[in-house]
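Okay, structure first, notes after.
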Protein chains: 2
Amino acid sequence: MDKNRVRFLPSEKVIEVEKGVTIAEAARRAGVFINNLCGGEGVCGQCAVKIKAGEVQADERSAAFFTDDELRQGFVLACQTSANADLDVEVPLSSRLEGEQIMTGAGEAAGPAAADRPLVTKLYLELPPPSGKDNAADVQRILREIRKRLGWHKYEIPLECLKDLSQFLRQNEWKVTAVIAKSQNYYRVIKIEEGDTTGKNFGVAVDVGTTTVVAQLVDLNTRKVMGVEGALNFQASFGADVISRMISACGKGGMGPMQEAVIRNINELIDRLLEKNPVDREDINAVVAAGNTTMSHFLLGLTPCSIRLDPYVPTADVYPQIKAAEIGLKLGPHTVLETLPSVASYVGGDIVAGVMACGMAEGTELRGLIDVGTNGEIALGNKDWLVCCSASAGPAFEGGGTRCGMRAIKGAIEKVEIKNGEFSYKTIGGAKARGICGSGLIDCIYELVSNGIIGADGKFDRNRKDPRLTVADEVPAYIIARHDESEDGNALVITESDIANLMKSKGAVFAAIKALVDYVGMSFEQIDTFYVAGGFGNYLNIKKAVAIGLLPDMPEEKIRFIGNSSLTGARMCLVSESAFEKSINISRSMTNIELSTYQPFMDEYIAALFLPHTDRRLFPSVTY
Amino acid sequence: MDKNRVRFLPSEKVIEVEKGVTIAEAARRAGVFINNLCGGEGVCGQCAVKIKAGEVQADERSAAFFTDDELRQGFVLACQTSANADLDVEVPLSSRLEGEQIMTGAGEAAGPAAADRPLVTKLYLELPPPSGKDNAADVQRILREIRKRLGWHKYEIPLECLKDLSQFLRQNEWKVTAVIAKSQNYYRVIKIEEGDTTGKNFGVAVDVGTTTVVAQLVDLNTRKVMGVEGALNFQASFGADVISRMISACGKGGMGPMQEAVIRNINELIDRLLEKNPVDREDINAVVAAGNTTMSHFLLGLTPCSIRLDPYVPTADVYPQIKAAEIGLKLGPHTVLETLPSVASYVGGDIVAGVMACGMAEGTELRGLIDVGTNGEIALGNKDWLVCCSASAGPAFEGGGTRCGMRAIKGAIEKVEIKNGEFSYKTIGGAKARGICGSGLIDCIYELVSNGIIGADGKFDRNRKDPRLTVADEVPAYIIARHDESEDGNALVITESDIANLMKSKGAVFAAIKALVDYVGMSFEQIDTFYVAGGFGNYLNIKKAVAIGLLPDMPEEKIRFIGNSSLTGARMCLVSESAFEKSINISRSMTNIELSTYQPFMDEYIAALFLPHTDRRLFPSVTY
């Protein structure tokens, strides 16, 4: 078959591919990462690459995303273009998945850390040697000692722990350490070690996010976090959001690459944690992972294909405890992996973890939680009841669907201010501006509407004189960074279409919150604390997020960032066996409102497509 | 290294072995089976072979076992002799493990078959397809249906059943069969099959005996036995009894060959069962094995090395449920294997099975059970209490330790009678006499003592004139088959030493029964039924066994053969999940009396070294 050589710049990676293979696919095979927000559908424009040499078979979609000048320079969409000859392809910084700021800081749990045993516990046993009067089987000698310490539960000792137990006990003069994992139905002895090894008991908590994967190394004895590492989810090369990845996994690509990608992620993070900490790999006895339902399915290799199809049914909501090695994690053969349970297809273990992290199910206080990414997931409740829902927010808050949108990585404009008519912005890392990330876009809209540059309908005031007002591709736009301030020499703008997209996103999120609060017959005032987790949480200006109508108009002190609550919840379940049990109870008792068929949500959504809202009484503090 | 070629006759099998390798080991490697009762210690004389050509390095032990004439003919002990040159070795019929009558007939269970589900049950599920109003996860959709049918238990669905569940359910239009195994702590879905396959649910019950392995194919729906196959335990080439095999397994030989041998046994039996019955291998969903504690350890690959050492501690008494494929059984990856629990090192799952088979733990009736092999295991009790013990009977009842002893195979003298001064005998299969098996030896002693040829002390009446009285190697002996009646042209005799050995064996067994009955403060009269299981049970003349003082003097109708009760018990646990649970309760609640340190047993043993007993009041029916 005809093959073409594709060389990627600046990495100089080269790959040979068959005719018809897209540049995006070639990049994936070469190990060159290219943004792929829409999953190769040619609609997000995030995979722009520049053909430096060679001839391509381009799709007409590319024309819609680039100016004539860019087209002349050789810009194409990598996902829509294949090689007609040997190629040199430059991957611009904006299309590369790298250096993104990853939220690794899981906040401290709001609820008190449970005072019980970790998911895997170690017991040092000094067993009485057998005698004529006491010649119980070795396994009973161990179990009766364990029962004395842990109580009369059901226990299992699997065959692999029994095989050489007889010599092992005698060689070690009946002084051994039992490593015991709590599973849903019983305790299982997963390993028996010589002497007293109780001092070495470690675990890894993992947040398997759609965008990033973060792992914490935890000392299960002290419950202290020893280190944390994060990385972009390698699955990103199959699509930025869960929907595109599901399409890929359920199409010809199959599940395999998707599972392998996240396993590679976690293995690399564990490698890094072990390099930096004085911990032996075989002393990692447990891993607890939290992720949305799709991520959890990918992690465990469960087909996710029904999740995205009406009526949105996952394979599993509660996942079996497995051996970590079973799915390819490079850990001891005894190490167990638990995955936090999901509530529904679009309310996953990450939200259950968040509910745990903010202590929602603990007291009578009414707490709300929102986690905004491409989906906005919302939970609400207290110890007596829990409800949740999920609304598709679109990619706008994550840098997709807007002309100059980008993720919250170096060079992204994260803050924008107009003060006394003076326009200013701030980029992540203080670098030259490369694009605008979610928090920057929210700032933009707030500043534009509060300074009268756009109206409550998101349209520019066409009568206004402002040197920053411009037109981009026949759409009114506002210059955020001038061409001489930007990294690539092109001005960064926000267009009227961008604003419309953002208003849809914030409208969906707010409508979901409102519908959920209404569903339980409450009002915003009754919410004691409203937690904002994950995504852009750490960079968001709450006041502005409220003022554009994204978050409900509550006193600022009632809204709290909770950081990576998925990671916090996973860690809680790692250090406390009762926390893990609790997570299952939470997942079972939480009522999920399916918004796609819930008319009040539709009505709320339409009403929320204004700044801040069609019903200003909902936003009494907003003064513009 | 110097190698010698060893050719075995009549099989013509040839093997090359290093210098120093014994003929017994060469035979094992060549796949030629040679008796090995003592495990290669050179003390049983059962591995006699004839060197037809070539020079050997013989041990002095051989001289003790053969007459000068035999030595001239080239007889040596295979376990003590190695080749000094290329050899032709003839293996006489008497040394070959073949054609033994194997007890495959498990009697009907005395207790009523439990009316509950088999160990693995199948449920045909017609699931309601998901809808907007009912979009529970696939796994919950299955579990709630299972719960409706089996009740609110703990359930597990392992990862392998979940992976492709999503498509599988939809492809099969929500009509599937769940294959569900009961384990100690929960129910586990082990497989999900398309459509309604409830009609095909099979299991295999296995009696893993020290001498023979027997397997039954059972229809788990009808509880009917479809077929039964038996074979000699391939482990026999490592030693005839559990002690020699433990020595081999815990020495340089290691566990591996021992486990492989019994797995090969079971695989071959299953092959034969599947050849003869219209059953697919993948429809065998469960295997239940029963064996003594050592056999169970070998089966599962558990080190048995502490079993034979004071204070006699096994690795495990209750064994984990495992996948049959995990230990090498050629069955589906889902097929489960349960092993009946043991009570102690020398009271194993075979006795627990026997207790189940005779219904001992069911009613208020007092029942006794004896299983005589090289060990005699005895259990006694009713639904309220159970006691047991084990006494080493030695190899006499299994053809070892006596001059002309052999197993109960073709050509063995199984019945002996002296009627009106006329001597007669009967061989198994009506063949020429090759030796005397256990039941024949018991008959011999009974006939000799009741006809005054030997006294109550087992000594020959030296004044008696009887053409059959002779001397063998300077020991008084009695001719059972004349040289012209025997297969090899040598007379078959029973010597005074043989009789002494047999009296020790019967004395140990009776003393154990007596000690156990005394221990619970009962008398023989209070025993309602006394069951005789396994070993020589089927060939034994009960009246004569009582008359020599082996079995207690009870009315004949109270003593019942129960056949292979180990197999019966295994089958009961296969067809009834509650039976398996019951077996664990039995193993836990049975009190084992350790006879080796129990003085009353020692006293009883000394008292029992007479015919029938020093205390004749114990044997009122005995008239000689």
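Just remember, in the structure tokens the first chain shown is A, the second B, etc., residues are 1-based per chain, and ligands are 1-based in the order shown.
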- Interface, chain A side, toward chain B (8 Å; only C-alpha atoms) as JSON, numbers by chain: {"A": [130, 131, 132, 135, 136, 137, 138, 139, 140, 154, 156, 157, 158, 159, 162, 163, 164, 165, 166, 167, 185, 186, 300, 301, 302, 303, 304, 305, 306, 310, 311, 312, 313, 314, 315, 316, 317, 320, 322, 344, 597]}
Export C-alpha atoms of the chosen residues as a PDB file, in the first residue's frame?
```pdb
ATOM      1  CA  PRO A 130       0.902 -24.799  67.412  1.00  0.00           C
ATOM      2  CA  SER A 131       1.034 -27.453  70.085  1.00  0.00           C
ATOM      3  CA  GLY A 132      -0.649 -30.735  70.776  1.00  0.00           C
ATOM      4  CA  ASN A 135      -3.168 -27.623  66.504  1.00  0.00           C
ATOM      5  CA  ALA A 136      -5.673 -25.543  64.569  1.00  0.00           C
ATOM      6  CA  ALA A 137      -4.879 -25.099  60.888  1.00  0.00           C
ATOM      7  CA  ASP A 138      -2.466 -22.289  60.037  1.00  0.00           C
ATOM      8  CA  VAL A 139      -5.224 -20.321  58.396  1.00  0.00           C
ATOM      9  CA  GLN A 140      -7.427 -20.530  61.498  1.00  0.00           C
ATOM     10  CA  LYS A 154     -16.392 -12.416  57.072  1.00  0.00           C
ATOM     11  CA  GLU A 156     -11.305 -14.536  52.835  1.00  0.00           C
ATOM     12  CA  ILE A 157      -7.770 -15.743  52.350  1.00  0.00           C
ATOM     13  CA  PRO A 158      -7.234 -16.450  48.680  1.00  0.00           C
ATOM     14  CA  LEU A 159      -5.269 -19.392  47.366  1.00  0.00           C
ATOM     15  CA  LEU A 162      -2.134 -20.025  51.316  1.00  0.00           C
ATOM     16  CA  LYS A 163       0.249 -21.847  49.007  1.00  0.00           C
ATOM     17  CA  ASP A 164       3.461 -21.503  50.967  1.00  0.00           C
ATOM     18  CA  LEU A 165       1.922 -20.224  54.169  1.00  0.00           C
ATOM     19  CA  SER A 166       2.987 -23.270  56.132  1.00  0.00           C
ATOM     20  CA  GLN A 167       6.766 -22.752  55.718  1.00  0.00           C
ATOM     21  CA  ASN A 185     -18.818  -7.954  51.274  1.00  0.00           C
ATOM     22  CA  TYR A 186     -15.905  -9.057  53.412  1.00  0.00           C
ATOM     23  CA  LEU A 300     -11.819  -0.583  34.044  1.00  0.00           C
ATOM     24  CA  GLY A 301     -12.249  -1.470  30.395  1.00  0.00           C
ATOM     25  CA  LEU A 302     -16.045  -1.452  30.514  1.00  0.00           C
ATOM     26  CA  THR A 303     -17.858  -0.639  27.299  1.00  0.00           C
ATOM     27  CA  PRO A 304     -19.246   2.893  27.656  1.00  0.00           C
ATOM     28  CA  CYS A 305     -21.303   2.761  24.462  1.00  0.00           C
ATOM     29  CA  SER A 306     -24.754   3.122  25.982  1.00  0.00           C
ATOM     30  CA  ASP A 310     -30.775   7.885  25.099  1.00  0.00           C
ATOM     31  CA  PRO A 311     -31.722   6.724  27.772  1.00  0.00           C
ATOM     32  CA  TYR A 312     -28.078   7.043  28.902  1.00  0.00           C
ATOM     33  CA  VAL A 313     -27.357   3.782  30.672  1.00  0.00           C
ATOM     34  CA  PRO A 314     -23.889   2.931  31.972  1.00  0.00           C
ATOM     35  CA  THR A 315     -22.711  -0.669  32.272  1.00  0.00           C
ATOM     36  CA  ALA A 316     -22.098  -0.303  35.974  1.00  0.00           C
ATOM     37  CA  ASP A 317     -22.612   2.245  38.711  1.00  0.00           C
ATOM     38  CA  PRO A 320     -16.036  -4.370  41.626  1.00  0.00           C
ATOM     39  CA  ILE A 322     -10.138  -5.625  41.489  1.00  0.00           C
ATOM     40  CA  ALA A 344     -25.782   7.862  36.616  1.00  0.00           C
ATOM     41  CA  THR A 597     -36.376  15.350  29.456  1.00  0.00           C
TER      42      THR A 597
END
```
- Message: as a PyMOL selection string, please: every residue in range 316-349 of chain A that a backbone DSSP assignment puts in strand (DSSP E).
- Response: chain A and resi 322-323+336-339
- Task: Using only C-alpha atoms, pick whichever of B:Leu366, B:Ala215, B:Leu125, B:Ile146 has the shortest atom-to-atom distance to Met522 in chain B.
- Result: B:Leu366
- Task: Just the residues within 9 Å of range 269-271 of chain B, please, counting only C-alpha atoms, with nothing from its chain fewer than 2 positions along; format it as a VMD selection string.
- Result: chain B and resid 204 213 to 217 228 to 231 264 to 267 273 to 276 281 330
- Note on the structure: Between CA of Ala396 in chain A and CA of Gly254 in chain A lies a distance of 27.9 Å
- Rounded to one decimal in Å, what is the spacing between CA of Val49 in chain A and CA of Ala412 in chain A? 19.3 Å
- Who sits within 10 Å of Ile378 in chain B, only C-alpha atoms, same chain under 2 positions skipped, as number ranges by chain: B: 347, 351, 355, 368-372, 375-376, 380, 387-391, 509-510, 512-513, 516, 531-532, 592
Store the residues picked out above in a file with N, CA and C atoms, as a short mmCIF file (atom, residue, chain, number, x, y, z; two decimals), in the first residue's frame.
```cif
data_model
loop_
_atom_site.label_atom_id
_atom_site.label_comp_id
_atom_site.auth_asym_id
_atom_site.auth_seq_id
_atom_site.Cartn_x
_atom_site.Cartn_y
_atom_site.Cartn_z
N VAL B 347 -8.22 -35.93 59.56
CA VAL B 347 -9.65 -36.12 59.34
C VAL B 347 -10.05 -35.07 58.31
N ILE B 351 -14.09 -37.37 55.07
CA ILE B 351 -14.88 -37.79 56.23
C ILE B 351 -16.04 -36.83 56.44
N VAL B 355 -19.82 -37.95 56.59
CA VAL B 355 -20.78 -37.55 57.63
C VAL B 355 -22.05 -37.01 56.98
N GLY B 368 -22.45 -43.89 63.57
CA GLY B 368 -20.99 -43.96 63.49
C GLY B 368 -20.59 -44.17 62.05
N LEU B 369 -19.39 -43.73 61.71
CA LEU B 369 -18.88 -43.90 60.35
C LEU B 369 -17.43 -44.31 60.46
N ILE B 370 -17.04 -45.33 59.70
CA ILE B 370 -15.62 -45.68 59.66
C ILE B 370 -15.18 -45.79 58.21
N ASP B 371 -14.03 -45.24 57.93
CA ASP B 371 -13.44 -45.31 56.60
C ASP B 371 -12.04 -45.86 56.79
N VAL B 372 -11.82 -47.10 56.36
CA VAL B 372 -10.53 -47.73 56.62
C VAL B 372 -9.68 -47.77 55.36
N ASN B 375 -5.12 -45.23 56.94
CA ASN B 375 -5.64 -44.67 58.18
C ASN B 375 -7.06 -45.16 58.36
N GLY B 376 -7.46 -45.30 59.59
CA GLY B 376 -8.86 -45.53 59.85
C GLY B 376 -9.41 -44.25 60.46
N LEU B 380 -18.49 -39.96 64.83
CA LEU B 380 -19.60 -40.44 65.64
C LEU B 380 -20.40 -39.23 66.07
N VAL B 387 -18.00 -36.11 67.02
CA VAL B 387 -16.59 -36.31 67.38
C VAL B 387 -15.96 -37.18 66.31
N CYS B 388 -14.65 -37.09 66.22
CA CYS B 388 -13.96 -37.91 65.24
C CYS B 388 -12.53 -38.16 65.69
N CYS B 389 -11.90 -39.12 65.06
CA CYS B 389 -10.50 -39.38 65.32
C CYS B 389 -9.94 -40.16 64.16
N SER B 390 -8.66 -40.33 64.18
CA SER B 390 -8.00 -41.03 63.11
C SER B 390 -6.88 -41.86 63.71
N ALA B 391 -6.76 -43.11 63.27
CA ALA B 391 -5.68 -43.96 63.76
C ALA B 391 -4.93 -44.53 62.58
N VAL B 509 -7.56 -49.88 64.68
CA VAL B 509 -8.88 -49.40 64.25
C VAL B 509 -9.90 -49.61 65.36
N PHE B 510 -9.92 -50.82 65.93
CA PHE B 510 -10.91 -51.07 66.97
C PHE B 510 -10.67 -50.17 68.19
N ALA B 512 -9.44 -47.30 68.24
CA ALA B 512 -9.89 -45.94 67.94
C ALA B 512 -11.40 -45.82 68.09
N ILE B 513 -12.11 -46.83 67.56
CA ILE B 513 -13.58 -46.80 67.69
C ILE B 513 -13.96 -46.81 69.18
N LEU B 516 -13.16 -43.61 71.05
CA LEU B 516 -14.06 -42.52 70.68
C LEU B 516 -15.42 -42.69 71.36
N TYR B 531 -21.79 -47.06 59.87
CA TYR B 531 -21.55 -47.09 58.42
C TYR B 531 -20.09 -47.41 58.13
N VAL B 532 -19.88 -48.28 57.16
CA VAL B 532 -18.52 -48.62 56.73
C VAL B 532 -18.34 -48.09 55.31
N ASN B 592 -12.16 -33.18 67.18
CA ASN B 592 -11.20 -34.20 66.80
C ASN B 592 -10.39 -34.62 68.02
#
```
- Per DSSP on the backbone, filter range 516-603 of chain A down to the residues in helix (DSSP H, G or I) and report them as a VMD selection string. chain A and resid 516 to 519 524 to 526 537 to 539 542 to 547 556 to 558 565 to 575 577 to 589 595 to 597 599 to 603
- Task: Can you work out the spacing between CA of Glu362 in chain A and CA of Gly209 in chain A in Å, to one decimal?
- Result: 25.3 Å
- Task: Extract, using only C-alpha atoms, all DNA, RNA and protein residues at most 9 Å from range 283-285 of chain B, discarding same-chain residues fewer than 4 positions from it, and format them as a PyMOL selection string.
- Result: chain B and resi 120-121+179+181+190+200-204+217+279+331-332+334-337
Restricting the output to C-alpha atoms, write the selected residues as a PDB file, in the first residue's frame.
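Output below, filename again_7.pdb:
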```pdb
ATOM      1  CA  VAL B 120     -24.055 -23.007  40.709  1.00  0.00           C
ATOM      2  CA  THR B 121     -27.483 -21.990  39.602  1.00  0.00           C
ATOM      3  CA  VAL B 179     -24.778 -18.249  35.904  1.00  0.00           C
ATOM      4  CA  ALA B 181     -22.146 -19.420  42.066  1.00  0.00           C
ATOM      5  CA  ILE B 190     -19.637 -16.049  37.058  1.00  0.00           C
ATOM      6  CA  LYS B 200     -27.597 -26.902  30.477  1.00  0.00           C
ATOM      7  CA  ASN B 201     -26.109 -26.794  33.930  1.00  0.00           C
ATOM      8  CA  PHE B 202     -23.652 -29.497  34.854  1.00  0.00           C
ATOM      9  CA  GLY B 203     -21.181 -30.207  37.574  1.00  0.00           C
ATOM     10  CA  VAL B 204     -18.509 -32.711  38.456  1.00  0.00           C
ATOM     11  CA  LEU B 217     -20.815 -35.978  36.004  1.00  0.00           C
ATOM     12  CA  VAL B 279     -22.486 -32.367  27.547  1.00  0.00           C
ATOM     13  CA  LEU B 331     -12.786 -26.239  32.185  1.00  0.00           C
ATOM     14  CA  GLY B 332     -14.314 -22.888  31.353  1.00  0.00           C
ATOM     15  CA  HIS B 334     -15.839 -19.270  34.864  1.00  0.00           C
ATOM     16  CA  THR B 335     -16.093 -22.756  36.371  1.00  0.00           C
ATOM     17  CA  VAL B 336     -15.730 -22.751  40.144  1.00  0.00           C
ATOM     18  CA  LEU B 337     -14.076 -25.358  42.297  1.00  0.00           C
TER      19      LEU B 337
END
```
